Each structure stands twice: as C-alpha cells, then as structure tokens.
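Asks: Below is the structure I would like to discuss, written out as structure tokens.
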Amino acid sequence: MSAQTATDFLDASIRSATPLLLAALGETVAERSGVINVGLEGAIIAGCLAGLVGAAEFGPMAGLAIAGAAGLGIAIIFAVVAIALAADQIITGTAITMLGLGLTSTLYRVLYGDGGAALQTPTLSPIGIPLLRDIPLIGSALFDQPVPTYLAALLVPAVWWGMYRTQFGLALRATGENPAAARASGISPKNMQSFGILFGGLCGGLAGGTLVLAQVGTFAEGMSAGRGFVAIAIVALGRWHPVGAALAALIFGMASALQFLFQALDLKLPYQLFLALPYALTLAALALASGRYRAPKSLGVRLNVAD
Amino acid sequence: MTSRTVLRALLEPLLAGMLALLVLAVLLGASGYPVGEALTALWQGAFGSWSVIASGTLVRATPLLFAGLAVAVAFRAGILNIGAEGQLLIGAAAATAMAVNLPPGLGAAGLLLALGAGVLCGGAWAAIAAVLRLRFGVLEVISTIMLNVIALNITGLLVRGPLQEPTRTFPQSALIDQALRLPRVIPGTRLHAGVVLAVVTALVIGWFLRATAPGFRLRMTGANPHAAASTGRIDVARVTLLAFISSGAIAGLGGAVEVTGVTYALYENLSPGYGYTAIAVALLARLNPARAIGSAVIFGALEAGASAMQREAQVPAGMVGVVEACVILVLVASEWIGARAAAGGRLIRGGTPRSGPTSAPAT
Amino acid sequence: MERAVVVSSGTDRPVTAAAPRLALGSIRRSYGSVLALDDASLSVAAGEVHALLGENGAGKSTMMKIAFGLDRADVGTIHIDGRPTTMRSPRDAMAHGIGMVQQHFALVDAMTVAENVALGGIGAFSLEATAATIRRIGVESGLDLDPGAIVRDLPIGAQQRLEIVKALARRTTTLILDEPTAVLSPTESTELLEWIRRFADSGGTVILIAHKLREVLSVADRVTVLRRGRTVLSALASDVTEDSLAGAMLGDSAARAKVSAPAPAAASNGPVVLSVTGVSVADATGIERLRDATLEVRAGEIVGVAAIEGAGQRELLRVLAGRMAPTRGTVHLPASIGFAPEDRHRDAVVLDATLTENVALRGAGQRRGIIGWDALRSTTTAMMKARDVRADSEAVTIRTLSGGNQQKLVLGRELADAPPALVVENPTRGLDIRATADVQAALRAARDAGMAVVVYSSDLDEVLSLADRVVVVAAGRIRDVPSDRESVGRAMLSGVS
C-alpha cells in the first residue's frame, strides 16, 4: 500500500463517517432523553433534497442550513405524534421514514420533471487549515475537508459539554432514565424529549445536506440508503456517549471506505459485498459489545399522559 | 365479539381508506396534478373491472397479506420485526434457487420444494435477528433493518452471480419452469393460487392464535412477558424465538409465492417495499390475522391504483408511500387518543409497567 | 448561602400572622368515573407536623400530589400563606418552598447522589458545588450522604435520606412525606421521626401521610383524616386517641370488627409440604441474596415471613414457589404451588387480556393442543361468584377491575386446582379495607383446608396477625423467632449495621 493509497483511504473514511457522525450525535441526544427515532432516515433524506434545492437557489452554505431546517421539519411531525399524542415511537418512526422517502421522491419529480433530470449542484469545497493540512499521510484527510466535517468534529465536544456540564443536559439524561423522577424535580419530560427529537432532526437534516453538498453533488431517490438506521446502531455501539459515537462512526466510515481501498489494490470483488459489509460488521459489533453497555432505562418507553 | 367491535372492524378500514384518498387528493392538488383525473385513474386501476381487481389489486394484495401476517405475528409476540422486507427477499431468492436447480419432471412436488425453501430460508433469516436479541441483547428494530439492507445486497449479488440468467446479460435469474409455477385461479387474469394460500394462511394463523395453547402462549408473552413467565410458567425466550422464526417463515413464503406466481424470476427490485407497507397492513388490521385480509386488499388497491395513476396521469408512485405513512401515523395516534384513560404501557409490546417501587431488586 | 431550614416561611411574607402555611379547600378530583377526592380540605400551620391519615384509597396521596403540582384538582383552591395560588407543576410548588418525598422515590438510580440533588436547576452543572451543598446539609441536618455514590447501590434508608436532602437543597420549608416509614426498619423509622420533629422545631413545616397510628401520634401536632375522598376529622393530636382515629378512618364499626384478627391456630402437626435445605441464591452479579436457608412448611399452617426490603425474602419466596432455582441446596416441592407475587400488574396478570384468559394463564406453559375456552369461561364465571369478584362479565379485560377484585381473581386462580401449597407476597398492598379482609380470610381458609401457606408482608402487623409461626429473613439468612412484635422487630434488624 502506497502512502497515497493510505491517505486516500483515510480521506474516504472521514468522508463516509461525517454524515453518520452528524446523524449519530443528534440521535445520541434524542436517545439520552429516552426517544429512539427510527424516523431519522426520513430526516436525512429530507435534508438531502432540501440541501440540493437550497444550494441550487442560494448556494451551498445556505443549502446546508436549509437541509438542517428540513430535518427539523420532519422531526416536528415525529414529536407531535410520538410525544404530544404519545404514540409508539418505533411505529411512528417507521412511518416517518416512509413519509420522508415518499415525499422526497414525489417532490423531486414534481420539481425536476418525471425522469428526475439529474441536477448537479456546486458542492462545498474543502477548506484547508494552513500548516496542519501539510502533515504527511493524515494532513489532507483531517485538515483539508469541507465545512460539515469540521462542524461534526466540533459538535462532539459541544454535545459532551451540553450533556454533562449543564443543568439542561442533566435534566435531559434524567428524563431518559426516569421521566417520573425528572418530573418530580420540576422538569418537563415532554419538553426534554421534544428537544431531543428536534435536535436529532436538525442533525439528521445536516447529515443529508452533507451527503449531497459535500459528497455526491446531486439527489437520487432513496440516496440516504439506510444511513439513519446505521446512525442508530452507531449510537448503541458508541454506548450513548458522543465520543463513543465519534469512534463508532469512524470505524463504520473505514468499513465503507474499504471498497475504495480494494479498488485501488485492484481486487475484483462484487460491489454488493462492500455495500453489505458495513451493515454486517455493525451487527457483529453490536453482538460483541452486548452486556458491556446499558441503554437509557426509559429508552423507547412512552410517557404517561401526566408526564 | 360484541356488535360494537364488529362495527369498529368494518368501519375502521373504510375510514382509513377514505383518509388515504383525502391525503392523496391534497397531495395531488398541492403538487399541481389534476386531482380528478388522477383519482379516476387510481380507481380504474384498482377497481375498474373484474380483470383489474383480479390482476391488479388482488395480485398486489397477496405479498402484502403474507408480509402483514408476518408483522402481525411478531408484534403480537412482542417482537418489533421491521425485517419482513428482507425475510421476503431471502424467501424469494431461496425459492428461485431451488426452482431453477431442480431436475425437470417433478411437477407439483417441485413447486412445494420451492415454496418450502422460501419458508425455511425466510425463517432462518429471521432467526439471525432472534438470536442476536435473545443471546446478545441487540434490539431487533436495529438488527432487522440492517438485515434488510444485507438481504437486498445478497439478492443483487445472486442475480449478477450464481443465479444470473444463462445469457449473463440482465441482472435477473433464469425463468422458473412452467411446471413449477403457481396455477392461475381465474383464466385470463394474473390471479394465481397464491392468493388462496395467503387467505388460508391468514385464517389458520387467526385460529392458531385464538384456539391453541402455543398461540395463547405467544399472545400472553407479547402482552406481558413477566406474567407469562411467572404465572404462566411459559418459556418466554423459546416462545419469542419460535414466533420470530415463524414470522420470518411467513414473509419468506410470501417471497416464494411472488416468484412462483407473479414474476417467475428473481429480480433485485422484486419488492417495492412490501415489508414496510406490511406494517400499515398489520396495524390497520389491529394485528388480527383475519382482518389483515381486508387491510391487505385496501393497500393492494392503493398500490395497483398508484401504478395506473403513474401510467395515466404521470403521478409519481412515491406518493403512495406518503399516503401509507399518513395512514400509519393517524392509526397510532388515534389508538392513543382512544386509550387515553387506560394510560401506561406500550401499544404493542407488553413493556415494563412502572408500578413497582424503584427500590425493588431487578430480576 | 442561606441556611436550608429557615425559621420564617420562605420568600413570601404571610399576609396575616394567622394565615396557614398551606391550605387546600374543597378539593374535588375524579379519574374517569372514579371520584378520588370529593370536598377534601386541609389546613397546615407553619412550624407544625401535620399528619394526613386515611385508609388505602382514601385520597391522601392524590391530595398531596395536587399540593405539589404533580396532579391538578378539578375543583378547589390552594392558598399559600393566605394567598390563592395555582400549582401547574412541581416547579411552582418548589418556588413556594414546598418539597415532597413520594412513596415510590423519584430518584434516577443510574446517577450519582450529587446529580440527583442538582436535578431541576438551571445554568451550568458543577459537580463540586453540588457536593459541597450536600456535605453542608449533612452537617446541618445530620442526613449524611456520599455525593459520589450511585443511587442504585444505596440501601433504601439512604435513598430516603437523599430524597429529603434533595428537598432541603432547594430550600424547602414545607416538606410532604408520603408513607416515609413504610420501607424503613423500626430503628430507621424512629430516627426519621426524630428528624421530622427537629425540622419542625426549627421552623419547618411537615405534612406526614401515614397509616401507623402509633407512629403518627408520637410525632404529629395535628391530624386530618380523609375517608373516601372527604375530610372527616381535623383535630389536635392531643385531642385524639388511636381508637378515635381508627373510627374516623374506617367509618363504621362493622368494618373494624372485620379486620380484627382471629386467634392463630395451634401449631400444625401436618406433613411437611414445602422443604428447602441449605439453599442459597446468587443474583446476576454473584452476590448471595439468600444464604444457606433451611425451612419446612407443614400442611395446615401459615408461616409468616418478616423482613425489611431486600433482605432476601423475595428470593426465598420464589424458591418456595418453585419460580426460582437455587444456586446451591436442595428443595422438595409439590408439583403445583399457588403463587401471588407482590407486583400484580407486572407478574400476576396480563392487564389487556380478559378475565378468562388470565385464569387460563396459570399452567399455560404446560398446556397442549386446543384450548377448551367454553369450559374455562364457566370455570371463570364460577370463580368470580365464589370469590366475590365484581365485574360485568368474564370477557372484560382485567385492567377494568379494581385492585381488590383483581387480587381476589388471582387468588381464586392460584387456588383453583387446590394445590398443596400457597405462597403470597404483600397480598393486600394497595387494597381497600374490605378487599384486605376478604384476602386475609381466603388465606386463613386455605390454611384451614390443609394447605401449607407462606405469607410475606412488608407490614409487620399483617404478618403477625396472619401467621401461626413467624420466620425472619435478615441479611439473607433465615431465623425462627417467637411471634411477638418485639422479638420479630429485633430479629429483622440483626445483620444490619
């Protein structure tokens, strides 16, 4: 393996990991508040389309912001049904994902014609950090990346600080463990969980925007390709901790980047193998990590009407 | 069954169907399609003639019924199996592999072997998620979704590799031999014997859950695993494992019926998301297998009509996904509004009632 | 920082010197068709210990949840220091210096003591500052806690201290305690009552929900009694007696006659039905919850088990009921044993199943083939009649029944095949006085019919009134003791230091 191959592999790993990390950080916050959001996939695909449309109209950075807003919009629907109406989170989330996939595919055709003429959008160009990007091997992979990568990297300590060093974070974590206790301390579990869902939706939208604006440069139906579900798995692998999520996302990114490495090494293997590999690895990792992690106690449990 | 529940059973699907049409009309209007023309195309495509009902609606309803039954059985047992899609695909792949590799001249026995392969492999695919949950505590929601993606890629791999048709040009399998196909039940239409099999399966599962001891164990385990273990002396892990595998086997049968009754070959995009629509089918039927027949027909009609709508009025088929999602959301939301008084617990799963003191030692 | 216990009533100045600290007037609250409170009133003066009494279901907890903003009244008024107030959430109550320790603690057991104390604040969260507050309160009040300890690892008494420290850290001047001694050992109870007295003497106000009259009279300044959602008595503690309070709580003398216990039967000479020898049970983490336990239960006797929470009685009962396999030791049990576990909704019934299905649940693991529902329906109907289970029909879900009717059906089911042994755990918890009497009578009838009966209750008086013979489980070990209150009470605490 040449140095260039290694650098390319690392670069591809970071690129694959970025949207996953963004989505997983949001989902970490949501799950610590006690909500499992299977609708994350819906938020990501909404972010994909909104990012494309926004970038075409107002440029890539605005596109990224609009992508986040679209994820937030999808999350609002989830919050209304799962929190305000206290419906089952998993079934609601599954419906939200169906909604996101159906809505984006319909809107895309409505906006860009029946064939869905492949609209290209300018992508966010990498911003190099002087000096650091010149470090051999890792320099360009770590310090010559588009904005979302830096955003994701900065979000890791930010989420950690918010969750462990503020009263708000304490209240959020308490809600995920024991909503009744949180309520008795004057906290509104519904507000905490709504915040978790909305933050998760925002991050999911940004992840979708990243996918379009920093990587693919166009939209395709179903292009989120299960990343929302992978992000949920990454949260469990990362043991519901932002730093854990960062490590798990990176590992998943590396598994995805293997296909570039194998192409570079000229190994002829069917591409479906590479597409399926990260999912199989995630399953194996979840099985191996079992027993050593503990989910928030009230995760997925609906609040009582009174809460 | 009281007259009130019978009324509810008839009224609910009707209301859901009307709701679906309303959502669709709003969506069509909002995206600038001719509402009347599109809805007419939908109606014509779903119920326009006997031949459309048989070849379109009922043929579409068949895999939805199998997958819906798979979801209903799992949910009744307290298992959130979102993996009917993958189990159906693996069942279809297994049935195809069996059918194209059998020596000629087996006839009906060969068909049974192909269907059996679908049942076995669908069950085995679900068993992976079951073992991951029971042995390693991996949430089945996550594992089954992962397994769906893997199953889709396995299918893609098979139709480009070991199962690819002889000319090695198209990503699909060889055609299944005439003798191994499900017979047509109405001549001149595409309605195959699979629809009968699906209805019989629904009725048998309904009877099994209602009348038999294992069916009772499954329901009680799903409704409250703690009481099932403590009072019923039920082996909850065993019941969960068997129910999960059975759920996968039913979905696998659906896949096998689809390739031997409709497509006659394995394609990568064999399923337009039957396994996900199945969740709506099961919920609308309130997880009752017999009622799933009706709700599968409603969603079959919606999908068959949507194809016609796409042909005639150029309405993207993705819109049906939106309609289905809205129906699920309204169903789960109304479930709760109706049951507000009886607060606590979860919709499907027994869950852990939070009645005990926090100090009680965990068991 | 201010002292936690303030002599005057917090931030709001009293409008008049005579205005009560907290007054609830004509409160009405219904849940569906059930009227929990109907014209209930309570007036608590600053600096007093006010006992709120009533039997289970009288509405005490509901009333206090309304005072603390956890529940809202349909009709009624709340005045604090003479000012009309609305309580939308616990936050409002806390702003008025009101704190509450609920019967089921509101603690996050995966978190530390400090995190639990800090919960509900705003701004940045500093572990060090919270730990300092906890230590200061410990010095001032004598309620000592390790700020870094994880709540789940704390004994029950320490968890209760934590609940009180949480309230004090929020500068609570009015503390509501819901059945605080129910989970405590006699020594711990005494210490708590002494603390309550000191808190009130230094200017704090305490509302104490309780049902142990002796305890109440030892500490309270005034008492208010609720019966079926109405205030029936409000008086100085010095003006009432145990007997007059019981009269007010129960209402009619017939009900009281029913609860007074018949004398225990003579020692049984029947054959041994349940026998465990040298039995130990270890939990998932390998800690032995029950150690080297040996016990024989004979036909025709009720063996009462007395223990403080977590002493190993839970494991002992499950081994005796054949629901848990011991890690060591030998057991000799009959094939069929009736079992009524304490957490009924979790372990004994399927709330959304019909009465018949709940009856069919017993033995479902062994059932084969097709279920004879017709026969089971008539069995259930007959059982409802025999056990006085009030329900519209056998086809309603058990969720729609009251706790007492649920428990009577559970007992009927567990006794239906006349098993040689019956094991029950807190059989009357949460039941009203008539259902309690019915359940206790059913247990005696089972004994008289020759069954071997094992009863555990966290209410020591219930154990003593039912049992022919008492064994105490303390720190995982079984002790035989004379069945008088003093010996049992002492034995329960042995091994706890």
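FYI, nothing fancy with the structure tokens labels: chains A, B, ... in order, residues from 1 per chain, ligands from 1 as they appear.
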Select, as a PDB file with N, CA and C atoms, in the first residue's frame, those residues of chain B with any atom no more than 7 Å from chain A (distances computed using only C-alpha atoms).
Replies:
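This went into result-v1.pdb:
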```pdb
ATOM      1  N   SER B  31     -49.284  19.458  -5.426  1.00  0.00           N
ATOM      2  CA  SER B  31     -48.173  19.363  -6.371  1.00  0.00           C
ATOM      3  C   SER B  31     -48.632  19.623  -7.810  1.00  0.00           C
ATOM      4  N   LEU B 132     -29.669 -12.771  17.862  1.00  0.00           N
ATOM      5  CA  LEU B 132     -28.990 -11.532  18.271  1.00  0.00           C
ATOM      6  C   LEU B 132     -29.725 -10.878  19.443  1.00  0.00           C
ATOM      7  N   PHE B 136     -27.623 -11.848  22.619  1.00  0.00           N
ATOM      8  CA  PHE B 136     -26.719 -10.709  22.724  1.00  0.00           C
ATOM      9  C   PHE B 136     -27.435  -9.399  23.061  1.00  0.00           C
ATOM     10  N   GLY B 137     -28.753  -9.462  23.193  1.00  0.00           N
ATOM     11  CA  GLY B 137     -29.480  -8.250  23.581  1.00  0.00           C
ATOM     12  C   GLY B 137     -29.480  -7.149  22.537  1.00  0.00           C
ATOM     13  N   VAL B 138     -29.275  -7.497  21.262  1.00  0.00           N
ATOM     14  CA  VAL B 138     -29.317  -6.470  20.212  1.00  0.00           C
ATOM     15  C   VAL B 138     -30.781  -6.183  19.867  1.00  0.00           C
ATOM     16  N   ILE B 142     -33.154  -2.562  15.203  1.00  0.00           N
ATOM     17  CA  ILE B 142     -31.919  -2.226  14.500  1.00  0.00           C
ATOM     18  C   ILE B 142     -31.463  -3.403  13.639  1.00  0.00           C
ATOM     19  N   SER B 143     -31.447  -4.601  14.237  1.00  0.00           N
ATOM     20  CA  SER B 143     -30.867  -5.741  13.511  1.00  0.00           C
ATOM     21  C   SER B 143     -31.699  -6.093  12.277  1.00  0.00           C
ATOM     22  N   MET B 146     -30.937  -3.667   9.473  1.00  0.00           N
ATOM     23  CA  MET B 146     -29.618  -3.983   8.903  1.00  0.00           C
ATOM     24  C   MET B 146     -29.723  -5.207   7.990  1.00  0.00           C
ATOM     25  N   VAL B 149     -31.075  -4.530   4.515  1.00  0.00           N
ATOM     26  CA  VAL B 149     -30.091  -3.998   3.564  1.00  0.00           C
ATOM     27  C   VAL B 149     -29.190  -5.130   3.069  1.00  0.00           C
ATOM     28  N   ILE B 150     -28.783  -5.985   3.995  1.00  0.00           N
ATOM     29  CA  ILE B 150     -27.912  -7.096   3.601  1.00  0.00           C
ATOM     30  C   ILE B 150     -28.654  -8.024   2.641  1.00  0.00           C
ATOM     31  N   ASN B 153     -28.721  -6.661  -0.817  1.00  0.00           N
ATOM     32  CA  ASN B 153     -27.435  -6.810  -1.498  1.00  0.00           C
ATOM     33  C   ASN B 153     -27.152  -8.255  -1.870  1.00  0.00           C
ATOM     34  N   GLY B 156     -29.021  -8.807  -4.974  1.00  0.00           N
ATOM     35  CA  GLY B 156     -28.289  -8.176  -6.074  1.00  0.00           C
ATOM     36  C   GLY B 156     -27.098  -9.011  -6.519  1.00  0.00           C
ATOM     37  N   LEU B 157     -26.424  -9.573  -5.539  1.00  0.00           N
ATOM     38  CA  LEU B 157     -25.251 -10.421  -5.803  1.00  0.00           C
ATOM     39  C   LEU B 157     -25.672 -11.684  -6.553  1.00  0.00           C
ATOM     40  N   PRO B 316     -46.076  10.536  -9.603  1.00  0.00           N
ATOM     41  CA  PRO B 316     -45.029   9.655  -9.081  1.00  0.00           C
ATOM     42  C   PRO B 316     -45.579   8.653  -8.064  1.00  0.00           C
ATOM     43  N   GLY B 318     -44.147   7.379  -5.661  1.00  0.00           N
ATOM     44  CA  GLY B 318     -43.677   7.655  -4.301  1.00  0.00           C
ATOM     45  C   GLY B 318     -44.769   8.251  -3.430  1.00  0.00           C
ATOM     46  N   MET B 319     -45.746   8.867  -4.096  1.00  0.00           N
ATOM     47  CA  MET B 319     -46.830   9.494  -3.353  1.00  0.00           C
ATOM     48  C   MET B 319     -47.597   8.472  -2.507  1.00  0.00           C
ATOM     49  N   GLY B 321     -46.340   6.027  -0.901  1.00  0.00           N
ATOM     50  CA  GLY B 321     -45.600   5.878   0.346  1.00  0.00           C
ATOM     51  C   GLY B 321     -46.020   6.940   1.351  1.00  0.00           C
ATOM     52  N   VAL B 322     -46.209   8.149   0.860  1.00  0.00           N
ATOM     53  CA  VAL B 322     -46.635   9.243   1.736  1.00  0.00           C
ATOM     54  C   VAL B 322     -48.010   8.936   2.321  1.00  0.00           C
ATOM     55  N   ALA B 325     -47.770   6.241   4.926  1.00  0.00           N
ATOM     56  CA  ALA B 325     -47.186   6.775   6.158  1.00  0.00           C
ATOM     57  C   ALA B 325     -48.228   7.563   6.945  1.00  0.00           C
ATOM     58  N   ILE B 328     -50.581   5.223   8.746  1.00  0.00           N
ATOM     59  CA  ILE B 328     -49.977   4.654   9.961  1.00  0.00           C
ATOM     60  C   ILE B 328     -49.974   5.688  11.076  1.00  0.00           C
ATOM     61  N   LEU B 329     -49.567   6.913  10.744  1.00  0.00           N
ATOM     62  CA  LEU B 329     -49.480   7.948  11.776  1.00  0.00           C
ATOM     63  C   LEU B 329     -50.846   8.205  12.402  1.00  0.00           C
ATOM     64  N   VAL B 332     -51.760   5.125  14.714  1.00  0.00           N
ATOM     65  CA  VAL B 332     -51.096   5.048  16.025  1.00  0.00           C
ATOM     66  C   VAL B 332     -51.530   6.203  16.908  1.00  0.00           C
ATOM     67  N   ALA B 333     -51.772   7.360  16.298  1.00  0.00           N
ATOM     68  CA  ALA B 333     -52.204   8.497  17.105  1.00  0.00           C
ATOM     69  C   ALA B 333     -53.617   8.271  17.646  1.00  0.00           C
ATOM     70  N   TRP B 336     -53.962   5.947  20.607  1.00  0.00           N
ATOM     71  CA  TRP B 336     -53.666   6.521  21.908  1.00  0.00           C
ATOM     72  C   TRP B 336     -54.793   7.423  22.382  1.00  0.00           C
ATOM     73  N   ALA B 343     -54.105   4.721  30.735  1.00  0.00           N
ATOM     74  CA  ALA B 343     -52.737   5.152  30.480  1.00  0.00           C
ATOM     75  C   ALA B 343     -51.720   4.110  30.909  1.00  0.00           C
ATOM     76  N   GLY B 344     -50.496   4.245  30.357  1.00  0.00           N
ATOM     77  CA  GLY B 344     -49.405   3.354  30.732  1.00  0.00           C
ATOM     78  C   GLY B 344     -49.213   2.232  29.743  1.00  0.00           C
ATOM     79  N   ARG B 346     -47.244   0.084  26.557  1.00  0.00           N
ATOM     80  CA  ARG B 346     -46.989   0.438  25.168  1.00  0.00           C
ATOM     81  C   ARG B 346     -48.071  -0.138  24.292  1.00  0.00           C
ATOM     82  N   LEU B 347     -48.119   0.353  23.050  1.00  0.00           N
ATOM     83  CA  LEU B 347     -49.177  -0.049  22.133  1.00  0.00           C
ATOM     84  C   LEU B 347     -49.135  -1.540  21.851  1.00  0.00           C
TER      85      LEU B 347
END
```
Asks: Give one line per residue of chain C that approaches chain A to at most 6 Å, naming the two atoms of the closest pair and their distance in Å to one decimal, counting only C-alpha atoms; sort by chain then ascending residue number and deliver it as a tab-separated table.
Replies:
```
residue	atom	partner	partner_atom	distance
C:Pro90	CA	A:Gly186	CA	4.8
C:Arg91	CA	A:Gly186	CA	4.3
C:Ala106	CA	A:Ala181	CA	4.0
C:Leu107	CA	A:Ala181	CA	5.4
C:Val108	CA	A:Asn178	CA	5.7
C:Gly120	CA	A:Ser185	CA	5.1
C:Gly121	CA	A:Gln167	CA	5.9
C:Ile122	CA	A:Gln167	CA	5.2
C:Gly123	CA	A:Gln167	CA	5.6
C:Ala124	CA	A:Thr166	CA	4.1
C:Phe125	CA	A:Thr166	CA	4.4
```
Asks: Take the residues from that selection and put them in a file with N, CA and C atoms, as a compact mmCIF listing (two decimals), in the first residue's frame.
Replies:
```txt
# COMPACT_ATOMS: atom_id res chain seq x y z
N PRO C 90 -44.57 20.73 39.59
CA PRO C 90 -43.75 20.75 40.81
C PRO C 90 -42.87 22.00 40.89
N ARG C 91 -42.54 22.56 39.73
CA ARG C 91 -41.70 23.76 39.74
C ARG C 91 -42.38 24.90 40.51
N ALA C 106 -38.62 9.27 43.75
CA ALA C 106 -38.41 9.83 42.42
C ALA C 106 -36.91 10.06 42.25
N LEU C 107 -36.16 8.97 42.19
CA LEU C 107 -34.70 9.07 42.05
C LEU C 107 -34.28 8.45 40.73
N VAL C 108 -33.21 9.00 40.14
CA VAL C 108 -32.64 8.40 38.94
C VAL C 108 -31.55 7.46 39.41
N GLY C 120 -32.99 19.60 38.19
CA GLY C 120 -34.06 20.59 38.25
C GLY C 120 -33.54 22.02 38.31
N GLY C 121 -32.23 22.18 38.45
CA GLY C 121 -31.66 23.53 38.48
C GLY C 121 -31.48 24.09 37.08
N ILE C 122 -30.91 25.28 36.98
CA ILE C 122 -30.64 25.85 35.66
C ILE C 122 -29.18 26.26 35.56
N GLY C 123 -28.74 26.53 34.33
CA GLY C 123 -27.38 27.01 34.11
C GLY C 123 -26.38 25.89 34.03
N ALA C 124 -25.14 26.20 34.40
CA ALA C 124 -24.09 25.19 34.33
C ALA C 124 -24.24 24.23 35.49
N PHE C 125 -23.75 23.01 35.30
CA PHE C 125 -23.84 22.00 36.34
C PHE C 125 -22.44 21.73 36.87
```
Asks: Give me the residues within 9 Å of Met100 in chain C as a list in words, counting only C-alpha atoms and dropping any in the same chain fewer than 5 places off.
Replies: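 Surrounding residues, per the criterion: Ala184 of chain A; Met64, Lys65, Phe68, Glu163, Ile164, Ala167, Thr174, Leu175, Ile176, Leu177 and Asp178 of chain C.
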Asks: Provide as a PyMOL selection string the residues of chain C at most 7 Å from chain B, counting only C-alpha atoms.
Replies: chain C and resi 104-105+156+323+343+346-350+361-365+367-371
Asks: Could you save those same residues with N, CA and C atoms as a JSON list (two decimals), in the first residue's frame?
Replies:
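File written: again_38.json
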```json
[["chain", "number", "residue", "atom", "x", "y", "z"],
["C", 104, "HIS", "N", -43.08, 6.07, 46.28],
["C", 104, "HIS", "CA", -42.09, 5.46, 45.40],
["C", 104, "HIS", "C", -41.12, 6.57, 45.04],
["C", 105, "PHE", "N", -39.89, 6.43, 45.50],
["C", 105, "PHE", "CA", -38.93, 7.52, 45.37],
["C", 105, "PHE", "C", -38.79, 7.96, 43.93],
["C", 156, "ILE", "N", -32.05, 1.32, 51.10],
["C", 156, "ILE", "CA", -33.30, 2.05, 50.98],
["C", 156, "ILE", "C", -33.36, 3.26, 51.92],
["C", 323, "ARG", "N", -40.45, -20.82, 41.58],
["C", 323, "ARG", "CA", -40.26, -19.86, 40.49],
["C", 323, "ARG", "C", -38.80, -19.51, 40.28],
["C", 343, "ASP", "N", -45.94, -7.65, 42.80],
["C", 343, "ASP", "CA", -46.20, -6.71, 41.72],
["C", 343, "ASP", "C", -47.22, -7.34, 40.78],
["C", 346, "ARG", "N", -47.36, -6.56, 37.02],
["C", 346, "ARG", "CA", -46.21, -6.99, 36.25],
["C", 346, "ARG", "C", -46.15, -8.52, 36.16],
["C", 347, "ASP", "N", -46.35, -9.18, 37.29],
["C", 347, "ASP", "CA", -46.05, -10.61, 37.35],
["C", 347, "ASP", "C", -47.26, -11.54, 37.41],
["C", 348, "ALA", "N", -48.42, -11.01, 37.81],
["C", 348, "ALA", "CA", -49.52, -11.94, 38.07],
["C", 348, "ALA", "C", -50.64, -11.88, 37.04],
["C", 349, "VAL", "N", -50.80, -10.74, 36.37],
["C", 349, "VAL", "CA", -51.90, -10.66, 35.41],
["C", 349, "VAL", "C", -51.41, -10.03, 34.10],
["C", 350, "VAL", "N", -52.17, -10.29, 33.05],
["C", 350, "VAL", "CA", -51.95, -9.62, 31.77],
["C", 350, "VAL", "C", -53.10, -8.62, 31.65],
["C", 361, "LEU", "N", -54.09, -18.39, 32.13],
["C", 361, "LEU", "CA", -52.64, -18.16, 32.14],
["C", 361, "LEU", "C", -51.92, -19.12, 33.07],
["C", 362, "ARG", "N", -52.56, -19.47, 34.20],
["C", 362, "ARG", "CA", -51.90, -20.41, 35.11],
["C", 362, "ARG", "C", -51.75, -21.76, 34.41],
["C", 363, "GLY", "N", -50.53, -22.21, 34.32],
["C", 363, "GLY", "CA", -50.28, -23.50, 33.68],
["C", 363, "GLY", "C", -50.22, -23.41, 32.16],
["C", 364, "ALA", "N", -50.19, -22.19, 31.60],
["C", 364, "ALA", "CA", -50.16, -22.06, 30.14],
["C", 364, "ALA", "C", -48.92, -22.72, 29.54],
["C", 365, "GLY", "N", -47.84, -22.75, 30.31],
["C", 365, "GLY", "CA", -46.60, -23.34, 29.81],
["C", 365, "GLY", "C", -46.72, -24.83, 29.55],
["C", 367, "ARG", "N", -49.78, -26.39, 28.94],
["C", 367, "ARG", "CA", -50.97, -26.71, 28.16],
["C", 367, "ARG", "C", -50.61, -27.26, 26.78],
["C", 368, "ARG", "N", -51.43, -28.18, 26.28],
["C", 368, "ARG", "CA", -51.16, -28.75, 24.95],
["C", 368, "ARG", "C", -52.39, -28.58, 24.07],
["C", 369, "GLY", "N", -52.17, -28.57, 22.79],
["C", 369, "GLY", "CA", -53.24, -28.67, 21.81],
["C", 369, "GLY", "C", -54.21, -27.50, 21.82],
["C", 370, "ILE", "N", -55.50, -27.86, 21.63],
["C", 370, "ILE", "CA", -56.53, -26.84, 21.52],
["C", 370, "ILE", "C", -57.09, -26.51, 22.89],
["C", 371, "ILE", "N", -57.28, -25.24, 23.17],
["C", 371, "ILE", "CA", -57.75, -24.81, 24.48],
["C", 371, "ILE", "C", -59.28, -24.89, 24.55]]
```
Asks: Where does DSSP see strand (DSSP E or B) in range 27-234 of chain C, if you list the residues as a ChimeraX atom specification?
Replies: /C:27-31,34-44,49-53,75-80,83-85,98-101,112,124,150,174-178,205-210,222-227,230-234
Asks: Need to verify the contact set: Leu299 in chain A, 8 Å, only C-alpha atoms, exclusion of same-chain residues closer than 3 positions in sequence. Can you return it as a short mmCIF file (atom, residue, chain, number, x, y, z; two decimals) with C-alpha atoms, in the first residue's frame?
Replies:
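result-v8.cif, written as the output of this step:
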```cif
data_model
loop_
_atom_site.label_atom_id
_atom_site.label_comp_id
_atom_site.auth_asym_id
_atom_site.auth_seq_id
_atom_site.Cartn_x
_atom_site.Cartn_y
_atom_site.Cartn_z
CA GLU A 31 -31.85 8.58 22.93
CA ARG A 32 -30.40 10.01 26.14
CA SER A 33 -33.75 11.80 26.53
CA GLY A 34 -35.48 8.43 26.13
CA VAL A 35 -36.57 8.59 22.49
CA ILE A 36 -35.49 6.15 19.80
CA GLY A 176 -34.13 9.21 29.60
CA GLU A 177 -33.54 7.24 32.79
CA ALA A 295 -29.17 1.82 27.19
CA PRO A 296 -31.01 4.67 28.92
#
```
Asks: For Gln164 in chain B, which residue among B:Ala292, B:Ala129, B:Leu266, B:Ala198 is the nearest when counting only C-alpha atoms?
Replies: B:Leu266
Asks: Tell me, in Å to one decimal, how far CA of Val331 in chain C is from CA of Arg291 in chain C.
Replies: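 These two atoms are separated by 14.0 Å.
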Asks: Name the residues in contact with Leu152 in chain B at a cut-off of 8 Å, using only C-alpha atoms, excluding same-chain residues fewer than 3 positions from it; report them as a PyMOL selection string.
Replies: chain B and resi 86+89+148-149+155-156+268
Asks: So how far away is CA of Met223 in chain A from CA of Ala93 in chain B, in Å?
Replies: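 Atom-to-atom, CA of Ala93 in chain B to CA of Met223 in chain A, that is 24.5 Å.
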Asks: Got a sec: who's within 12 Å of Phe262 in chain A, counting only C-alpha atoms, leaving out chain neighbours fewer than 4 positions off, as a list of chain:residue names?
Replies: A:Met1, A:Thr5, A:Ala6, A:Asp8, A:Phe9, A:Ala255, A:Ser256, A:Ala257, A:Leu258, A:Asp266, A:Leu267, A:Lys268, A:Leu269, A:Pro270, A:Tyr271, A:Leu273, A:Phe274
Asks: If you run DSSP on the backbone here, which positions in range 7-152 of chain A get helix (DSSP H, G or I)? Please write them as number ranges by chain.
Replies: A: 7-32, 40-58, 60-84, 89-112, 132-134, 139-143, 147-152
Asks: With only C-alpha atoms as the counted atoms, please give the residues lying no more than 12 Å from Leu431 in chain C, apart from itself and same-chain residues fewer than 5 positions off, as a ChimeraX atom specification.
Replies: /C:55-58,342,344,402-408,426,436-440
Asks: Work out how far CA of Glu425 in chain C is from CA of Ala307 in chain C, in Å to one decimal.
Replies: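 Answer for the CA of Ala307 in chain C to CA of Glu425 in chain C separation: 11.6 Å.
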